[in-house]
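The next block is entry29.txt, given as compact mmCIF, C-alpha atoms and all ligand atoms.
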# COMPACT_ATOMS: atom_id res chain seq x y z
CA MET N 1 20.54 -24.74 -119.51
CA PRO N 2 17.94 -22.29 -118.12
CA CYS N 3 17.81 -24.59 -115.12
CA SER N 4 21.57 -24.33 -114.53
CA GLY N 5 21.26 -20.53 -114.96
CA ALA N 6 18.66 -20.40 -112.16
CA LYS N 7 20.89 -22.61 -110.01
CA ARG N 8 23.80 -20.26 -110.52
CA THR N 9 21.66 -17.26 -109.53
CA ARG N 10 20.48 -19.08 -106.39
CA TYR N 11 24.10 -19.96 -105.57
CA ILE N 12 25.22 -16.33 -106.00
CA ILE N 13 22.34 -15.04 -103.84
CA LEU N 14 23.17 -17.60 -101.13
CA SER N 15 26.88 -16.76 -101.16
CA VAL N 16 26.23 -13.02 -100.98
CA SER N 17 23.76 -13.56 -98.10
CA VAL N 18 26.33 -15.62 -96.19
CA VAL N 19 29.00 -12.93 -96.65
CA ILE N 20 26.57 -10.21 -95.51
CA CYS N 21 25.53 -12.26 -92.44
CA VAL N 22 29.15 -12.96 -91.45
CA PHE N 23 29.92 -9.25 -91.83
CA ILE N 24 26.92 -8.15 -89.75
CA PHE N 25 27.38 -10.71 -86.96
CA SER N 26 31.09 -9.98 -86.64
CA ARG N 27 30.35 -6.31 -85.82
CA PRO N 28 31.03 -5.70 -82.09
CA SER N 29 27.91 -3.54 -81.80
CA VAL N 30 25.68 -6.36 -83.13
CA GLN N 31 27.35 -8.97 -80.91
CA ARG N 32 26.84 -6.63 -77.97
CA LEU N 33 23.15 -6.31 -78.82
CA LEU N 34 22.66 -10.06 -79.17
CA PHE N 35 24.89 -11.49 -76.48
CA GLY N 36 25.50 -8.57 -74.09
CA ALA N 37 28.59 -6.39 -73.69
CA CYS N 38 30.60 -8.94 -71.67
CA ALA N 39 30.37 -12.22 -69.76
CA CYS N 40 30.00 -10.65 -66.27
CA GLY N 41 26.58 -10.37 -64.62
CA GLN N 42 26.66 -6.64 -65.25
CA CYS N 43 28.99 -4.95 -67.73
CA VAL N 44 30.26 -1.45 -67.32
CA SER N 45 29.97 -0.59 -71.02
CA ASP N 46 26.37 -1.71 -71.34
CA ILE N 47 24.80 1.67 -72.10
CA ALA N 48 21.23 0.53 -72.60
CA HIS N 49 18.45 2.04 -70.44
CA ASP N 50 20.61 4.71 -68.80
CA THR N 51 20.38 8.15 -70.38
CA TRP N 52 22.70 9.76 -67.78
CA PHE N 53 25.42 7.25 -68.66
CA GLN N 54 24.71 7.43 -72.40
CA LYS N 55 25.21 11.20 -72.28
CA ARG N 56 28.71 10.75 -70.87
CA TYR N 57 30.08 7.38 -72.00
CA ASP N 58 31.29 7.21 -75.59
CA PRO N 59 31.85 3.54 -76.47
CA TYR N 60 33.97 4.63 -79.43
CA ALA N 61 36.36 6.88 -77.47
CA GLN N 62 39.93 5.68 -78.00
CA PRO N 63 41.92 5.64 -74.76
CA LEU N 64 45.36 4.95 -76.25
CA LEU N 65 47.57 6.84 -78.69
CA THR N 66 48.61 4.62 -81.60
CA LYS N 67 50.32 5.10 -84.94
CA LYS N 68 46.91 4.90 -86.59
CA ASN N 69 45.16 7.58 -84.50
CA CYS N 70 48.05 9.93 -83.63
CA ILE N 71 47.19 12.64 -86.15
CA LEU N 72 45.26 15.28 -84.19
CA SER N 73 42.69 17.69 -85.50
CA ASN N 74 43.58 21.37 -85.18
CA ALA N 75 40.95 21.90 -82.49
CA LEU N 76 42.23 18.99 -80.41
CA TYR N 77 45.87 19.97 -80.88
CA TRP N 78 45.28 23.50 -79.61
CA TRP N 79 43.07 22.37 -76.74
CA TRP N 80 45.87 20.06 -75.67
CA GLN N 81 48.61 22.70 -76.08
CA LYS N 82 46.74 25.03 -73.75
CA LEU N 83 46.26 22.41 -71.05
CA GLN N 84 49.55 22.90 -69.20
CA TYR N 85 52.83 24.44 -70.20
CA LYS N 86 53.52 25.26 -73.82
CA SER N 87 56.59 23.48 -75.10
CA ARG N 88 58.41 24.04 -78.37
CA VAL N 89 58.25 20.44 -79.41
CA ASN N 90 57.48 19.14 -82.88
CA TYR N 91 54.59 16.75 -82.23
CA ASN N 92 54.90 14.91 -85.54
CA ALA N 93 58.59 14.25 -85.07
CA VAL N 94 57.98 13.01 -81.53
CA THR N 95 55.21 10.59 -82.49
CA GLU N 96 57.37 9.28 -85.32
CA MET N 97 60.02 8.31 -82.76
CA LEU N 98 57.47 7.14 -80.22
CA PHE N 99 56.20 4.16 -82.16
CA GLY N 100 59.70 3.09 -83.12
CA ILE N 101 60.40 2.59 -79.42
CA PHE N 102 57.14 1.59 -77.75
CA PRO N 103 54.45 -0.95 -78.63
CA ASN N 104 51.85 0.28 -81.06
CA GLU N 105 48.90 -1.91 -80.23
CA GLU N 106 45.43 -1.50 -78.89
CA ASP N 107 45.91 -3.83 -75.96
CA TYR N 108 42.25 -3.92 -75.05
CA SER N 109 40.62 -4.86 -78.31
CA ASP N 110 39.59 -8.25 -76.96
CA ALA N 111 36.51 -6.77 -75.23
CA GLY N 112 33.39 -8.74 -76.11
CA PRO N 113 30.62 -11.06 -74.97
CA GLY N 114 33.06 -13.79 -73.86
CA ARG N 115 35.18 -11.66 -71.56
CA CYS N 116 34.70 -10.68 -67.90
CA ARG N 117 37.64 -8.57 -66.82
CA THR N 118 37.56 -7.17 -63.30
CA CYS N 119 39.62 -4.11 -62.42
CA ALA N 120 40.59 -2.30 -59.22
CA VAL N 121 41.39 1.39 -59.53
CA VAL N 122 43.45 2.43 -56.51
CA GLY N 123 43.65 6.15 -55.73
CA ASN N 124 45.90 7.56 -53.05
CA SER N 125 43.40 8.78 -50.46
CA GLY N 126 44.16 8.56 -46.75
CA ASN N 127 40.82 6.74 -46.37
CA LEU N 128 42.73 3.55 -47.29
CA LYS N 129 44.58 3.62 -43.97
CA GLY N 130 43.31 0.79 -41.78
CA SER N 131 40.86 -0.35 -44.48
CA HIS N 132 42.17 -3.94 -44.81
CA TYR N 133 41.26 -3.83 -48.51
CA GLY N 134 44.56 -5.39 -49.63
CA ALA N 135 43.33 -8.94 -50.39
CA LEU N 136 40.17 -7.62 -52.03
CA ILE N 137 42.17 -5.30 -54.30
CA ASP N 138 44.59 -8.07 -55.30
CA ALA N 139 41.70 -10.39 -56.22
CA HIS N 140 40.97 -8.26 -59.33
CA ASP N 141 42.33 -9.24 -62.75
CA LEU N 142 43.90 -5.81 -63.22
CA VAL N 143 45.05 -3.50 -60.46
CA ILE N 144 45.62 0.06 -61.67
CA ARG N 145 47.60 2.32 -59.35
CA ILE N 146 48.24 6.01 -59.66
CA ASN N 147 51.35 8.21 -59.44
CA LYS N 148 53.56 7.45 -56.46
CA GLY N 149 51.04 5.31 -54.52
CA PRO N 150 53.32 2.69 -52.90
CA THR N 151 52.47 -0.90 -51.93
CA GLU N 152 55.50 -1.82 -49.85
CA GLY N 153 54.69 -1.50 -46.18
CA PHE N 154 50.98 -0.89 -46.95
CA GLU N 155 50.02 -4.33 -48.33
CA ARG N 156 47.29 -5.01 -45.77
CA ASP N 157 45.37 -1.91 -46.86
CA VAL N 158 46.27 -1.50 -50.54
CA GLY N 159 47.46 -4.93 -51.72
CA SER N 160 50.65 -5.74 -53.57
CA LYS N 161 49.65 -6.40 -57.19
CA THR N 162 50.14 -3.66 -59.81
CA SER N 163 49.25 -4.48 -63.39
CA HIS N 164 49.17 -0.81 -64.48
CA ARG N 165 50.59 2.40 -63.08
CA ILE N 166 49.34 5.70 -64.45
CA ILE N 167 51.91 8.48 -64.25
CA TYR N 168 53.16 11.72 -65.81
CA PRO N 169 56.80 12.87 -65.72
CA GLU N 170 56.46 14.82 -62.49
CA SER N 171 54.91 11.84 -60.64
CA ALA N 172 57.01 9.00 -62.08
CA VAL N 173 58.37 6.18 -59.91
CA ASP N 174 60.15 2.88 -60.57
CA MET N 175 57.93 -0.08 -61.42
CA ASP N 176 58.56 -3.77 -61.90
CA ASN N 177 58.88 -5.62 -65.16
CA SER N 178 55.31 -6.91 -65.29
CA THR N 179 53.65 -3.51 -64.79
CA HIS N 180 52.29 -1.44 -67.67
CA LEU N 181 53.55 2.13 -67.48
CA VAL N 182 50.62 4.25 -68.68
CA LEU N 183 51.65 7.81 -69.46
CA ILE N 184 49.23 10.72 -69.32
CA PRO N 185 50.68 13.26 -71.74
CA PHE N 186 49.45 16.52 -70.24
CA LYS N 187 51.89 18.32 -72.57
CA THR N 188 54.00 17.48 -75.63
CA VAL N 189 57.27 17.48 -73.70
CA ASP N 190 55.90 14.55 -71.67
CA LEU N 191 56.16 12.39 -74.80
CA GLN N 192 59.73 13.58 -75.28
CA TRP N 193 60.49 12.77 -71.66
CA LEU N 194 59.14 9.22 -72.14
CA ILE N 195 61.42 8.69 -75.13
CA SER N 196 64.36 10.13 -73.21
CA VAL N 197 63.73 7.84 -70.20
CA PHE N 198 64.22 4.78 -72.41
CA THR N 199 67.03 6.18 -74.58
CA THR N 200 69.29 9.15 -73.85
CA LYS N 201 68.02 9.95 -70.32
CA HIS N 202 68.86 13.60 -70.89
CA ILE N 203 65.55 15.25 -69.89
CA ASP N 204 65.70 16.02 -66.19
CA ARG N 205 63.36 19.01 -66.13
CA THR N 206 59.92 19.94 -67.45
CA TYR N 207 58.60 22.92 -65.49
CA VAL N 208 60.13 21.32 -62.38
CA PRO N 209 62.97 18.80 -62.00
CA VAL N 210 61.88 15.29 -63.10
CA LYS N 211 63.50 11.87 -62.96
CA PRO N 212 65.65 11.43 -66.10
CA SER N 213 65.44 7.67 -65.68
CA ILE N 214 63.04 5.18 -64.08
CA LYS N 215 62.86 1.40 -63.95
CA ALA N 216 60.01 0.18 -66.20
CA ASN N 217 59.41 -2.29 -69.02
CA ARG N 218 59.51 -0.50 -72.38
CA ASP N 219 57.45 -3.27 -74.01
CA LYS N 220 54.59 -2.53 -71.64
CA VAL N 221 54.41 1.22 -72.17
CA MET N 222 51.06 2.74 -73.08
CA ILE N 223 50.25 6.35 -73.80
CA LEU N 224 46.85 7.93 -73.32
CA HIS N 225 45.42 9.83 -76.28
CA PRO N 226 45.09 13.63 -75.86
CA GLY N 227 41.59 13.27 -77.32
CA PHE N 228 40.71 10.95 -74.44
CA LEU N 229 41.64 13.72 -71.97
CA LYS N 230 39.45 16.19 -73.86
CA TYR N 231 36.58 13.70 -73.89
CA ILE N 232 36.84 13.30 -70.10
CA GLN N 233 37.04 17.04 -69.47
CA GLU N 234 34.09 17.86 -71.71
CA ARG N 235 31.72 14.89 -71.48
CA TRP N 236 32.39 13.64 -67.97
CA LEU N 237 33.37 16.78 -66.11
CA GLN N 238 31.39 19.29 -68.17
CA LYS N 239 34.50 21.49 -67.92
CA HIS N 240 34.59 21.59 -64.08
CA GLY N 241 38.20 22.24 -63.02
CA ARG N 242 40.92 23.17 -65.52
CA TYR N 243 41.56 19.54 -66.44
CA PRO N 244 40.81 16.15 -64.90
CA SER N 245 42.91 14.70 -62.09
CA THR N 246 45.08 11.65 -62.70
CA GLY N 247 42.72 9.63 -60.53
CA PHE N 248 39.61 10.64 -62.45
CA ILE N 249 41.34 9.96 -65.78
CA THR N 250 42.24 6.52 -64.44
CA LEU N 251 38.66 5.85 -63.39
CA ILE N 252 37.30 6.68 -66.86
CA PHE N 253 40.15 4.72 -68.49
CA ALA N 254 38.99 1.71 -66.43
CA LEU N 255 35.39 2.18 -67.61
CA HIS N 256 36.72 1.74 -71.15
CA ILE N 257 39.08 -1.21 -70.70
CA CYS N 258 37.36 -3.26 -67.99
CA ASP N 259 34.08 -5.10 -67.66
CA GLN N 260 33.66 -4.51 -63.91
CA VAL N 261 35.31 -1.71 -61.98
CA SER N 262 35.97 -1.39 -58.23
CA VAL N 263 37.32 1.92 -56.99
CA PHE N 264 39.42 2.39 -53.85
CA GLY N 265 41.28 5.32 -52.32
CA PHE N 266 39.15 8.20 -53.60
CA GLY N 267 37.86 10.95 -51.33
CA ALA N 268 39.23 14.07 -49.71
CA ASP N 269 39.51 14.58 -45.96
CA GLU N 270 37.07 16.60 -43.87
CA ASN N 271 38.67 19.86 -45.11
CA GLY N 272 38.41 18.98 -48.78
CA ASN N 273 42.15 18.20 -49.05
CA TRP N 274 43.57 15.23 -50.89
CA HIS N 275 45.46 13.51 -48.08
CA HIS N 276 47.54 10.42 -48.87
CA TYR N 277 47.59 7.01 -47.19
CA PHE N 278 51.39 7.02 -47.33
CA GLU N 279 51.99 10.38 -45.70
CA GLN N 280 51.71 11.42 -42.09
CA ASN N 281 50.86 15.08 -42.69
CA LYS N 282 47.44 15.08 -44.30
CA HIS N 283 46.69 18.76 -44.78
CA HIS N 284 49.00 19.84 -47.55
CA HIS N 285 47.24 18.91 -50.77
CA ASN N 286 44.37 20.95 -52.04
CA THR N 287 42.84 19.66 -55.25
CA GLY N 288 44.73 22.22 -57.38
CA ASN N 289 43.63 22.56 -61.00
CA HIS N 290 41.01 19.85 -60.57
CA GLY N 291 37.33 19.97 -59.76
CA GLY N 292 37.88 17.58 -56.85
CA SER N 293 34.37 17.66 -55.39
CA TYR N 294 32.71 17.45 -58.83
CA GLU N 295 34.88 14.48 -59.74
CA TYR N 296 33.90 12.78 -56.50
CA SER N 297 30.22 13.48 -57.13
CA ILE N 298 30.52 11.69 -60.50
CA ALA N 299 32.20 8.72 -58.81
CA LEU N 300 29.33 8.61 -56.30
CA LYS N 301 26.77 8.76 -59.10
CA LEU N 302 28.49 5.91 -60.95
CA HIS N 303 28.37 3.92 -57.71
CA GLU N 304 24.71 4.75 -57.17
CA LYS N 305 23.98 3.55 -60.70
CA LYS N 306 25.98 0.36 -60.07
CA ARG N 307 28.41 1.16 -62.89
CA ILE N 308 31.31 0.92 -60.42
CA HIS N 309 31.65 -0.16 -56.82
CA LEU N 310 33.16 2.67 -54.78
CA TYR N 311 34.82 1.43 -51.58
CA LYS N 312 34.87 4.39 -49.25
CA GLY N 313 37.48 3.24 -46.72
CA TRP N 314 37.53 4.43 -43.15
O1 LIG V 401 47.50 12.77 -54.96
P1 LIG V 401 47.54 11.96 -56.21
O2 LIG V 401 47.19 12.80 -57.41
O3 LIG V 401 48.80 11.20 -56.42
O4 LIG V 401 46.38 10.87 -56.04
C1 LIG V 401 45.93 10.11 -57.11
C2 LIG V 401 44.45 10.33 -57.33
O5 LIG V 401 43.69 9.80 -56.24
C3 LIG V 401 44.07 11.79 -57.40
O6 LIG V 401 44.27 12.27 -58.72
C4 LIG V 401 42.62 11.77 -56.98
O7 LIG V 401 41.77 11.49 -58.09
C5 LIG V 401 42.55 10.61 -55.99
N1 LIG V 401 42.60 11.07 -54.58
C6 LIG V 401 41.41 11.31 -53.93
N2 LIG V 401 41.42 11.66 -52.62
C7 LIG V 401 42.57 11.80 -51.94
C8 LIG V 401 43.81 11.58 -52.60
C9 LIG V 401 43.78 11.22 -53.93
O8 LIG V 401 40.32 11.19 -54.52
N3 LIG V 401 42.53 12.10 -50.65
Is it possible to express this structure as structure tokens?
Amino acid sequence: MPCSGAKRTRYIILSVSVVICVFIFSRPSVQRLLFGACACGQCVSDIAHDTWFQKRYDPYAQPLLTKKNCILSNALYWWWQKLQYKSRVNYNAVTEMLFGIFPNEEDYSDAGPGRCRTCAVVGNSGNLKGSHYGALIDAHDLVIRINKGPTEGFERDVGSKTSHRIIYPESAVDMDNSTHLVLIPFKTVDLQWLISVFTTKHIDRTYVPVKPSIKANRDKVMILHPGFLKYIQERWLQKHGRYPSTGFITLIFALHICDQVSVFGFGADENGNWHHYFEQNKHHHNTGNHGGSYEYSIALKLHEKKRIHLYKGW
């Protein structure tokens, strides 16, 4: 009997050890340590040996708003409310409706040692004109475009594939059925607008007239988390500019959902203006509320550090 007692103890110790090992080795952080952050030669989220990057990149930052993370702290809520125009919208009621209409999943949770996802972030800079980057852009797994940036008629320079389009109400355009609409909620009414676009279509104005309806696939809608905007403004931009530009938000979004990131169509013209590849008149857009030159300096630094590849165009 004492012998069978010792056997039982050994069995219990073994079982507990197996459970502990399975638990430890299934942790993403441990897998990352043992096998690397992804299956590409170099992975964007590999923060080892780079204190500049470590200071800015938070591997736990959550890019997307979900049912689970939609409750905001007071500090975050008020930071967000002050970002653009105050709207008398009940945030809790809006989020309640939001996840009855749109998907409520973290679409990027498959990151890990076995994955090598390449992404092209395509800004709207006039430096894309004559660049012949189209085929190179389309060769990426994901192609993330921004605001109104068109492809039709510009395929040779900007490609034709669009897996994601990042917009806000005032910059919205039609997109095809396979494209993820990614909303940046700069203000609460933007969430209401998104709901309205796919239901009643009654919101046709925020602080300016907006499209009450656009073509897009409701099952592919994603919404950025207000906390992700705050993280970018504070950690990446060290509060330069009032808030980050759509392009810079997209670039940091890509650092969090991709394993390798190529960046196209960033860079002002010789006068510091944000000219567009799809417009003839290139002198009308200053960088507004955004710290345009600081944002570009961060993109250059990321390129220098081989975190991204920045294609500078012509
Ligand atoms: O002009 P728009 O905001 O639609 O452009 C999308 C993004 O592309 C900007 O937010 C900015 O980050 C980037 N851009 C740029 N240089 C330009 C034009 C746009 O870096 N000349």
**Request:** Produce as an NGL selection string the set of residues near ligand LIG 401 (chain V), where near means within 9 Å with only C-alpha atoms and all ligand atoms considered.
**Result:** :N and (122-127 or 145-149 or 167 or 171 or 244-251 or 264-269 or 272-277 or 282 or 285 or 287 or 290 or 292-293 or 295-296)
**Request:** Name all residues at most 7 Å from N:Pro212 (count only C-alpha atoms; drop same-chain ones fewer than 6 positions away) and give them as a list of chain:residue names.
**Result:** N:Val197, N:Lys201, N:His202, N:Ile203, N:Asp204
**Request:** Report the distance between atom CA of N:Leu98 and atom CA of N:Ile184 in Å, rounded to one decimal place.
**Result:** 14.1 Å
**atom CA of N:Gln260 to atom CA of N:Leu224, straight-line distance in Å** =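 Distance between the two atoms: 20.4 Å.
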**Message:** Is it possible to get the residues within 9 Å of (52.2, 17.0, -71.8) (coordinates as in the file, counting all atoms listed in the file) written as a list in words?
**Reply:**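 Selection result: Trp80, Gln81, Leu83, Gln84, Tyr85, Lys86, Ser87, Tyr168, Pro169, Ile184, Pro185, Phe186, Lys187, Thr188, Val189, Asp190, Leu191, Gln192 and Pro226 of chain N.
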